[in-house]
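A quick write-up on the structure given underneath.
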Amino acid sequence: MLLVLSDEHKEHLGFLSEVDPVVVGEFGRIAVEFLKKGSNSKIYEGAARKLNVPTQSVQYGVEGLMYLLTESSKLMISEVDFQDSVLVLGFSEELNTLLLQLYLENRVELRHIQSELGPSLPCYHNLEWRFDVQLASRTLRQQVKPTVTFKLHLERGGVRSARVLQTDPATLLHLIQELERALAEVKSNHCRRILRNIK
Amino acid sequence: MRFRFCGDLDCPDWVLAEISTLTRISSVKMKLLCVQVIRDLLDEDIDYDKVAKLTSDAKFDSGDIKASVAVLSFILSSAAKHDVDSESLSSELQQLGLPKEHTMGLCKSYEDKHTALQEKLKESSLRLGRLEAVNWRVDYTLSSSELSEVNEPIVQLKLQSQDPESGSTDTTVVSVTADKFRVLLTELKQAQAMMNALQ
């Protein structure tokens, strides 16, 4: 599928055709750095001074490149489609090859970063348990009441939290049965058919 | 194949794989490595330099060092968890392919520190809301805004406990009149008598 670039985006990228391909390569490297680690406006000022152009053009150029790269990796467009999309900008052959190189080299890593940006649920980290028997309380002596206590440790975006849960053995057995049934679902024909089609 | 030291379950595949890594170092070095791993399990400081020196002859890279520490950690803590005697542990490890001298070295270390390991594991078992500190003070109320002559003793109790879910310290302050305090004390003494009877 082709990438459709807005007019504003084309204008920002237009700046790249006015500079040396070496500089564009440098901008590409900066764009990838910024995507991995966050942007740093001082670099824009330094580059603008060296090239003798307004800081804003440099900023727009680099940000335009960043957006081009993220959109391309997000949609996982093929080489041919990328080249066709970039053709619209009217760049030189050399520039087009450079941009293609930049895309292909960084595609996998960018997709990896983008996959981590989606919404996340708290996920399992650790489970501690203990098995107790209540023998007596203030109001009733001579009891035998078994209980299982869990401390479920969860993690969400680097933050740990814990939940304390308690159950009697009958409920625990029921829980285990339900979970085993859920695991067995993966082996059913319906699930197998879907998994085969995804792979 | 069920193994007692794995809790009557199959031995995990990674343990089988790393046992063969362990055979690459001499049995004397392995015994010293066991001593270091046991120190780590008992929360004493593990000397990573010593570990690196012990494994340098066999040219272990950092992955191998981590793997051998992990497998020894697993074997020792799992055996202590399921209260396996050192004879059974020795025969099971030999069945898994650990040579006789290595097994003897490991089991000797295990036997020496068996009780200490179990004590440590007992201590780190799940406990909710541990009571950390108790402070008390007895005051004598002379008079108040409601009654000009009160003349009553009162106990202030400060209990510091661990929050079950977050693990941070919670402070609870209660003031108890003489009668209520007598009831509290009697009930707690009954609970104490029951605990002593069980020990």
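Here, A, B, ... name the chains of the structure tokens in the order displayed, residue numbers run from 1 inside each chain, and ligands are numbered from 1 in the same displayed order.
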From a DSSP pass on the backbone, collect the residues of stretch 72-176 of chain A flagged as strand (DSSP E) and hand them back as JSON, numbers by chain. {"A": [123, 124, 125, 126, 127, 128, 129, 130, 131, 132, 133, 134, 145, 146, 147, 148, 149, 150, 151, 152, 153, 154, 155, 156, 159, 160, 161, 162, 163, 164, 165, 166, 167]}
Enumerate as a PyMOL selection string all residues of stretch 9-194 of chain B assigned to helix (DSSP H, G or I) by DSSP on the backbone, naming them with the chain letters and numbers the document uses. chain B and resi 13-22+27-41+48-56+62-81+86-95+100-123+178-194
Interface, chain A side, toward chain B (10 Å; only C-alpha atoms) as an mmCIF file with C-alpha atoms, in the first residue's frame:
data_model
loop_
_atom_site.group_PDB
_atom_site.id
_atom_site.type_symbol
_atom_site.label_atom_id
_atom_site.label_comp_id
_atom_site.auth_asym_id
_atom_site.auth_seq_id
_atom_site.Cartn_x
_atom_site.Cartn_y
_atom_site.Cartn_z
ATOM 1 C CA LEU A 127 2.888 -15.749 42.986
ATOM 2 C CA GLU A 128 3.557 -16.545 46.645
ATOM 3 C CA TRP A 129 1.216 -18.867 48.526
ATOM 4 C CA ARG A 130 0.756 -20.469 51.896
ATOM 5 C CA PHE A 131 -1.520 -23.139 53.270
ATOM 6 C CA LEU A 135 -7.705 -23.966 64.777
ATOM 7 C CA ALA A 136 -9.468 -21.473 66.994
ATOM 8 C CA SER A 137 -10.762 -17.925 67.157
ATOM 9 C CA ARG A 138 -11.854 -15.701 70.010
ATOM 10 C CA ARG A 141 -12.403 -23.063 69.762
ATOM 11 C CA THR A 149 -3.586 -17.425 50.932
ATOM 12 C CA PHE A 150 -2.012 -15.966 47.796
ATOM 13 C CA LYS A 151 0.014 -12.865 47.181
ATOM 14 C CA LEU A 152 -0.135 -12.164 43.443
ATOM 15 C CA HIS A 153 2.631 -9.814 42.293
ATOM 16 C CA ARG A 160 4.991 -3.405 40.715
ATOM 17 C CA SER A 161 1.843 -3.972 42.721
ATOM 18 C CA ALA A 162 0.524 -6.879 44.764
ATOM 19 C CA ARG A 163 -2.904 -8.351 45.511
ATOM 20 C CA VAL A 164 -3.704 -10.552 48.484
#
Contacts of stretch 136-141 of chain B at 8 Å (only C-alpha atoms; same-chain gap of 4+ positions) as a PyMOL selection string: chain B and resi 150-158
For those residues, write C-alpha atoms to a file as a compact mmCIF listing (two decimals), in the first residue's frame.
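Ended up saving to again_39.txt:
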# COMPACT_ATOMS: atom_id res chain seq x y z
CA VAL B 150 -11.51 11.61 86.34
CA ASN B 151 -8.57 9.82 88.04
CA GLU B 152 -8.27 6.89 85.65
CA PRO B 153 -5.30 5.11 84.12
CA ILE B 154 -5.22 4.65 80.33
CA VAL B 155 -2.85 2.75 78.02
CA GLN B 156 -1.64 4.16 74.68
CA LEU B 157 -0.49 1.48 72.25
CA LYS B 158 1.45 2.22 69.07
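The coordinates place atom CA of A:Gln143 at 14.4 Å from atom CA of A:Asp168.
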Between atom CA of B:Lys31 and atom CA of B:His102, what is the distance, to one decimal in Å? 7.3 Å
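Interatomic distance, atom CA of A:Glu79 against atom CA of A:Glu94: 15.5 Å.
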Please identify all polymer residues within 12 Å of B:Pro99, counting only C-alpha atoms, omitting same-chain residues fewer than 3 positions from it, and present them as a PyMOL selection string. chain B and resi 19-27+30+90-96+102-106
Leaving out B:Asp85 and any residue of its chain fewer than 4 positions from it, which residues lie within 10 Å of it when counting only C-alpha atoms, given as a count of residues only? 10
